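Below is coords_10.cif, holding mmCIF, C-alpha atoms.
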data_my_file
#
loop_
_atom_site.label_atom_id
_atom_site.label_comp_id
_atom_site.auth_asym_id
_atom_site.auth_seq_id
_atom_site.Cartn_x
_atom_site.Cartn_y
_atom_site.Cartn_z
CA MET A 1 2.20 1.54 9.40
CA ARG A 2 1.63 2.55 5.85
CA ARG A 3 -1.36 4.25 4.34
CA PHE A 4 -2.87 5.28 1.02
CA THR A 5 -5.57 7.76 0.38
CA HIS A 6 -7.72 9.83 -1.98
CA ILE A 7 -9.15 11.10 -5.28
CA HIS A 8 -7.46 9.58 -8.28
CA PHE A 9 -4.60 8.68 -6.09
CA LEU A 10 -3.73 6.15 -3.51
CA PHE A 11 -2.69 6.48 0.11
CA PHE A 12 -1.09 3.59 1.80
CA ALA A 13 0.02 3.20 5.37
CA GLY A 14 3.07 1.05 5.15
CA LEU A 15 2.53 -1.05 8.17
CA PHE A 16 2.22 -4.49 6.78
CA LEU A 17 1.56 -6.94 9.54
CA LEU A 18 1.74 -10.67 9.25
CA SER A 19 -0.29 -12.31 11.97
CA SER A 20 -2.27 -15.30 13.05
CA SER A 21 -3.38 -13.41 16.14
CA CYS A 22 -2.74 -9.96 17.58
CA LYS A 23 -0.22 -11.36 20.05
CA SER A 24 1.94 -12.91 17.34
CA ALA A 25 1.82 -10.08 14.78
CA TYR A 26 5.01 -8.70 13.35
CA ILE A 27 5.77 -5.93 10.88
CA ILE A 28 6.86 -6.97 7.40
CA ASP A 29 7.81 -3.42 6.45
CA ASP A 30 6.88 0.19 6.96
CA PHE A 31 7.99 3.66 5.89
CA GLU A 32 8.72 5.01 9.37
CA ASP A 33 12.30 5.99 8.55
CA GLY A 34 10.88 8.55 6.08
CA SER A 35 12.16 6.70 3.02
CA PHE A 36 11.07 3.91 0.71
CA GLY A 37 13.95 1.83 2.03
CA LYS A 38 14.22 -1.45 0.13
CA TRP A 39 11.05 -0.83 -1.88
CA VAL A 40 11.64 -0.57 -5.64
CA VAL A 41 10.16 2.64 -7.09
CA GLU A 42 9.01 2.59 -10.72
CA GLY A 43 7.38 5.48 -12.59
CA SER A 44 6.48 8.92 -11.28
CA ALA A 45 3.56 8.31 -8.89
CA PHE A 46 5.81 7.63 -5.90
CA SER A 47 8.94 9.52 -6.84
CA TYR A 48 9.28 11.46 -3.58
CA THR A 49 9.71 10.27 -0.03
CA PRO A 50 6.74 9.05 2.01
CA ALA A 51 4.27 11.74 3.07
CA THR A 52 3.58 13.15 6.53
CA GLU A 53 0.68 14.96 8.15
CA ALA A 54 2.49 18.23 7.37
CA LEU A 55 2.10 17.42 3.68
CA ASP A 56 -1.61 16.64 3.87
CA SER A 57 -3.45 17.23 7.14
CA ASN A 58 -6.72 15.96 5.60
CA ILE A 59 -5.55 12.35 5.77
CA SER A 60 -6.54 10.35 8.84
CA GLY A 61 -6.54 6.78 10.08
CA TYR A 62 -2.84 6.13 9.61
CA LYS A 63 -0.51 4.93 12.33
CA GLY A 64 2.97 6.28 12.82
CA SER A 65 4.45 9.33 11.10
CA PHE A 66 4.66 8.44 7.40
CA PHE A 67 2.43 7.09 4.65
CA VAL A 68 2.69 6.60 0.90
CA ALA A 69 0.67 8.96 -1.29
CA SER A 70 0.41 9.21 -5.05
CA LYS A 71 -1.88 12.26 -5.02
CA ASN A 72 0.95 14.74 -4.70
CA HIS A 73 1.88 14.08 -8.31
CA GLY A 74 -1.50 14.76 -9.91
CA THR A 75 -3.98 12.45 -11.62
CA THR A 76 -2.03 11.60 -14.77
CA VAL A 77 0.86 9.75 -13.19
CA ASN A 78 1.68 6.12 -13.05
CA GLY A 79 3.97 4.18 -10.83
CA TYR A 80 4.59 1.17 -8.67
CA LEU A 81 6.21 0.50 -5.33
CA THR A 82 7.30 -3.10 -4.86
CA SER A 83 8.48 -4.49 -1.53
CA SER A 84 11.50 -6.68 -1.15
CA ALA A 85 10.70 -10.40 -1.01
CA PHE A 86 9.56 -11.86 2.29
CA GLU A 87 8.41 -15.28 3.45
CA ILE A 88 4.78 -15.71 4.43
CA LYS A 89 4.86 -17.15 7.95
CA LYS A 90 1.43 -16.20 9.33
CA ASP A 91 -2.21 -16.51 8.27
CA TYR A 92 -2.99 -12.86 7.50
CA ILE A 93 -1.44 -9.72 6.06
CA ASN A 94 -3.05 -6.54 7.40
CA PHE A 95 -2.49 -2.98 6.21
CA LEU A 96 -4.09 0.46 6.06
CA LEU A 97 -5.44 1.61 2.71
CA GLY A 98 -7.43 4.60 1.48
CA GLY A 99 -7.98 6.71 -1.60
CA THR A 100 -9.93 6.68 -4.80
CA SER A 101 -11.89 3.62 -5.85
CA SER A 102 -10.35 3.82 -9.32
CA PRO A 103 -9.51 0.47 -10.95
CA SER A 104 -6.07 1.97 -11.57
CA ALA A 105 -5.22 2.30 -7.84
CA TYR A 106 -4.66 -0.90 -5.88
CA VAL A 107 -2.36 -2.98 -3.72
CA GLU A 108 -1.57 -6.54 -4.73
CA LEU A 109 0.18 -9.56 -3.30
CA LEU A 110 2.61 -11.28 -5.64
CA ILE A 111 3.63 -14.90 -5.05
CA GLU A 112 6.55 -15.90 -7.25
CA GLY A 113 5.72 -12.94 -9.51
CA GLU A 114 2.04 -13.84 -9.95
CA SER A 115 -0.73 -11.58 -8.64
CA ILE A 116 -2.67 -13.61 -6.06
CA VAL A 117 -4.89 -11.06 -4.36
CA MET A 118 -5.65 -7.39 -4.99
CA SER A 119 -7.32 -4.71 -2.87
CA ARG A 120 -8.67 -1.32 -3.84
CA PRO A 121 -9.64 1.48 -1.47
CA VAL A 122 -13.22 1.27 -0.23
CA GLY A 123 -15.17 3.36 2.21
CA ASN A 124 -17.13 6.56 2.36
CA ASP A 125 -14.21 8.95 2.73
CA PRO A 126 -11.13 8.62 0.48
CA ASN A 127 -9.09 10.61 3.04
CA VAL A 128 -9.51 7.97 5.74
CA LEU A 129 -7.21 4.95 5.80
CA GLU A 130 -8.95 1.74 6.79
CA TRP A 131 -7.65 -1.69 7.75
CA THR A 132 -7.56 -4.26 4.97
CA SER A 133 -6.77 -7.91 5.57
CA TRP A 134 -5.70 -10.74 3.28
CA ASP A 135 -6.00 -14.40 4.28
CA VAL A 136 -2.68 -15.85 3.12
CA SER A 137 -2.83 -19.10 5.10
CA ASN A 138 -2.64 -21.16 1.87
CA TYR A 139 0.69 -19.52 0.99
CA LYS A 140 2.71 -20.12 4.17
CA GLY A 141 6.34 -20.77 3.36
CA LYS A 142 6.13 -19.03 -0.02
CA LYS A 143 8.14 -15.97 -1.01
CA ALA A 144 6.00 -12.91 -1.68
CA ASN A 145 6.12 -9.23 -2.58
CA ILE A 146 3.59 -6.48 -2.06
CA ARG A 147 3.11 -4.06 -4.95
CA ILE A 148 1.37 -0.70 -4.64
CA CYS A 149 0.02 0.49 -7.99
CA ALA A 150 -1.20 3.86 -9.23
CA ASP A 151 -1.53 3.77 -13.01
CA PHE A 152 -3.85 6.61 -13.93
CA ASN A 153 -2.37 6.88 -17.45
CA GLU A 154 -3.71 3.38 -18.10
CA GLN A 155 -7.17 4.43 -16.91
CA ARG A 156 -7.21 7.31 -19.39
CA LYS A 157 -6.22 5.00 -22.29
CA GLY A 158 -8.98 2.50 -21.51
#

Could you render the structure as structure tokens?
Amino acid sequence: MRRFTHIHFLFFAGLFLLSSSCKSAYIIDDFEDGSFGKWVVEGSAFSYTPATEALDSNISGYKGSFFVASKNHGTTVNGYLTSSAFEIKKDYINFLLGGTSSPSAYVELLIEGESIVMSRPVGNDPNVLEWTSWDVSNYKGKKANIRICADFNEQRKG
């Protein structure tokens, strides 16, 4: 699973599940091999490999060994991680997300290049990854990408 977390940065647990029920869930992608794999990295926010507990033991709520974190690069970075295309076959996409509630840190679902739904970290503790769920039942059969965004330079301009 993937995770994001914290203060002017985003933590993302890369376990994207597509499911219509717990029994039929499957993993779209994760970072459990310690790399970004087929994800396209743009900018400097996610320029290193996925993080581990050894990197930041304050992060909790993630599953597995690795999670994506932009915080290790400071608060003036920007960058995007975009998944390879996948077909939506189930009703929901579920993932772990944490971090700052900045408008410049979010995860979005792209259908044919268009942003359909966006989620920002919420919760009382930016160091805790929490489950987020998107209802994608209206998009079954469509090709999609997930994009993780941390654009703190944009926030400073605005």

Practice task
Excluding A:Lys38 and residues on its chain fewer than 5 positions from it, collect all residues at most 12 Å away from it, counting all atoms listed in the file, and give them as a list in words.
Solution key: Ile28, Asp29, Asp30, Phe31, Asp33, Leu81, Thr82, Ser83, Ser84, Ala85, Phe86, Asn145 and Ile146 of chain A

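Ranking A:Leu97, A:Val68, A:Val117, A:Ile59 by their shortest atom-to-atom distance to A:Trp39, with only C-alpha atoms included, puts A:Val68 first.
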
Handout entry: Matched chain/residue IDs from the PyMOL selection byres ((chain A and resi 79) around 6), as a PyMOL selection string
Key = chain A and resi 42-45+78+80+150-151

Practice task
Take atom CA of A:Ser35 and atom CA of A:Asn127 and report the distance between them in Å, one decimal.
Solution key: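 That distance, rounded to one decimal, is 21.6 Å.
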
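The two atoms in question, atom CA of A:Ala144 and atom CA of A:Leu109, are spaced 6.9 Å apart.
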
Exercise for the section: Counting all atoms listed in the file, figure out which residue out of A:Ala105, A:Met118, A:Ile148, A:Leu96 gets nearest to A:Thr132. Expected result: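 Closest to A:Thr132, using all atoms listed in the file: A:Leu96.
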
Problem - Residue members of the PyMOL selection byres ((chain A and resi 111) around 8) in the file shown, as a PyMOL selection string - result: chain A and resi 109-110+112-116+142-145

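Straight-line separation from atom CA of A:Ser133 to atom CA of A:Tyr92: 6.5 Å.
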
Handout entry: Residue among A:Cys149, A:Val107, A:Ala25, A:Val136 lying closest to A:Arg120, counting all atoms listed in the file
Key =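 Of all the options, A:Val107 lies closest to A:Arg120.
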
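Considering all atoms listed in the file, the residue among A:Phe66, A:Asp125, A:Tyr48, A:Glu108 positioned nearest to A:Ile93 is A:Glu108.
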
Exercise for the section: Find the residue from A:Arg147, A:Tyr106, A:Gly98, A:Ile27 that sits nearest to A:Trp131; use all atoms listed in the file when measuring. Expected result: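 For A:Trp131, the nearest of the given residues is A:Gly98.
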
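With only C-alpha atoms as the atoms that count, the residue of A:Ile88, A:Leu129, A:Pro103, A:Phe95 with the shortest distance to A:Ala69 is A:Leu129.
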
Atom completion result for stretch 97-130 of chain A (N, CA and C atoms) as a compact mmCIF listing (two decimals), keeping the file's coordinate frame:
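The result, stored in result31.txt:
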# COMPACT_ATOMS: atom_id res chain seq x y z
N LEU A 97 -5.29 1.21 4.11
CA LEU A 97 -5.44 1.61 2.71
C LEU A 97 -6.57 2.62 2.59
N GLY A 98 -6.39 3.62 1.75
CA GLY A 98 -7.43 4.60 1.48
C GLY A 98 -7.22 5.19 0.10
N GLY A 99 -8.13 6.03 -0.32
CA GLY A 99 -7.98 6.71 -1.60
C GLY A 99 -9.15 6.50 -2.52
N THR A 100 -8.91 6.79 -3.77
CA THR A 100 -9.93 6.68 -4.80
C THR A 100 -10.28 5.22 -5.07
N SER A 101 -11.48 4.99 -5.52
CA SER A 101 -11.89 3.62 -5.85
C SER A 101 -11.62 3.30 -7.32
N SER A 102 -10.72 4.03 -7.93
CA SER A 102 -10.35 3.82 -9.32
C SER A 102 -9.79 2.42 -9.53
N PRO A 103 -10.11 1.77 -10.66
CA PRO A 103 -9.51 0.47 -10.95
C PRO A 103 -8.01 0.56 -11.18
N SER A 104 -7.50 1.78 -11.31
CA SER A 104 -6.07 1.97 -11.57
C SER A 104 -5.26 2.18 -10.30
N ALA A 105 -5.91 2.14 -9.13
CA ALA A 105 -5.22 2.30 -7.84
C ALA A 105 -5.51 1.08 -6.98
N TYR A 106 -4.46 0.33 -6.64
CA TYR A 106 -4.66 -0.90 -5.88
C TYR A 106 -3.36 -1.36 -5.25
N VAL A 107 -3.49 -2.31 -4.35
CA VAL A 107 -2.36 -2.98 -3.72
C VAL A 107 -2.53 -4.46 -4.03
N GLU A 108 -1.45 -5.12 -4.41
CA GLU A 108 -1.57 -6.54 -4.73
C GLU A 108 -0.47 -7.35 -4.08
N LEU A 109 -0.78 -8.60 -3.83
CA LEU A 109 0.18 -9.56 -3.30
C LEU A 109 0.68 -10.41 -4.46
N LEU A 110 1.99 -10.46 -4.60
CA LEU A 110 2.61 -11.28 -5.64
C LEU A 110 3.28 -12.49 -4.99
N ILE A 111 2.96 -13.67 -5.48
CA ILE A 111 3.63 -14.90 -5.05
C ILE A 111 4.37 -15.42 -6.27
N GLU A 112 5.70 -15.46 -6.14
CA GLU A 112 6.55 -15.90 -7.25
C GLU A 112 6.21 -15.13 -8.53
N GLY A 113 5.97 -13.82 -8.38
CA GLY A 113 5.72 -12.94 -9.51
C GLY A 113 4.29 -12.91 -10.02
N GLU A 114 3.43 -13.77 -9.49
CA GLU A 114 2.04 -13.84 -9.95
C GLU A 114 1.12 -13.12 -8.96
N SER A 115 0.22 -12.29 -9.49
CA SER A 115 -0.73 -11.58 -8.64
C SER A 115 -1.74 -12.57 -8.07
N ILE A 116 -1.80 -12.65 -6.74
CA ILE A 116 -2.67 -13.61 -6.06
C ILE A 116 -3.92 -12.94 -5.53
N VAL A 117 -3.76 -11.78 -4.94
CA VAL A 117 -4.89 -11.06 -4.36
C VAL A 117 -4.66 -9.57 -4.56
N MET A 118 -5.74 -8.83 -4.73
CA MET A 118 -5.65 -7.39 -4.99
C MET A 118 -6.71 -6.69 -4.15
N SER A 119 -6.36 -5.52 -3.62
CA SER A 119 -7.32 -4.71 -2.87
C SER A 119 -7.31 -3.29 -3.39
N ARG A 120 -8.51 -2.72 -3.47
CA ARG A 120 -8.67 -1.32 -3.84
C ARG A 120 -9.27 -0.59 -2.66
N PRO A 121 -9.03 0.72 -2.57
CA PRO A 121 -9.64 1.48 -1.47
C PRO A 121 -11.17 1.39 -1.53
N VAL A 122 -11.76 1.25 -0.37
CA VAL A 122 -13.22 1.27 -0.23
C VAL A 122 -13.55 2.13 0.98
N GLY A 123 -14.77 2.54 1.07
CA GLY A 123 -15.17 3.36 2.21
C GLY A 123 -15.83 4.63 1.74
N ASN A 124 -16.38 5.35 2.68
CA ASN A 124 -17.13 6.56 2.36
C ASN A 124 -16.25 7.79 2.18
N ASP A 125 -15.07 7.78 2.76
CA ASP A 125 -14.21 8.95 2.73
C ASP A 125 -12.83 8.55 2.22
N PRO A 126 -12.43 9.02 1.03
CA PRO A 126 -11.13 8.62 0.48
C PRO A 126 -9.94 9.14 1.29
N ASN A 127 -10.17 10.07 2.22
CA ASN A 127 -9.09 10.61 3.04
C ASN A 127 -8.85 9.81 4.31
N VAL A 128 -9.64 8.78 4.53
CA VAL A 128 -9.51 7.97 5.74
C VAL A 128 -8.93 6.60 5.38
N LEU A 129 -7.82 6.27 6.01
CA LEU A 129 -7.21 4.95 5.80
C LEU A 129 -7.93 3.93 6.67
N GLU A 130 -8.24 2.79 6.07
CA GLU A 130 -8.95 1.74 6.79
C GLU A 130 -8.18 0.42 6.70
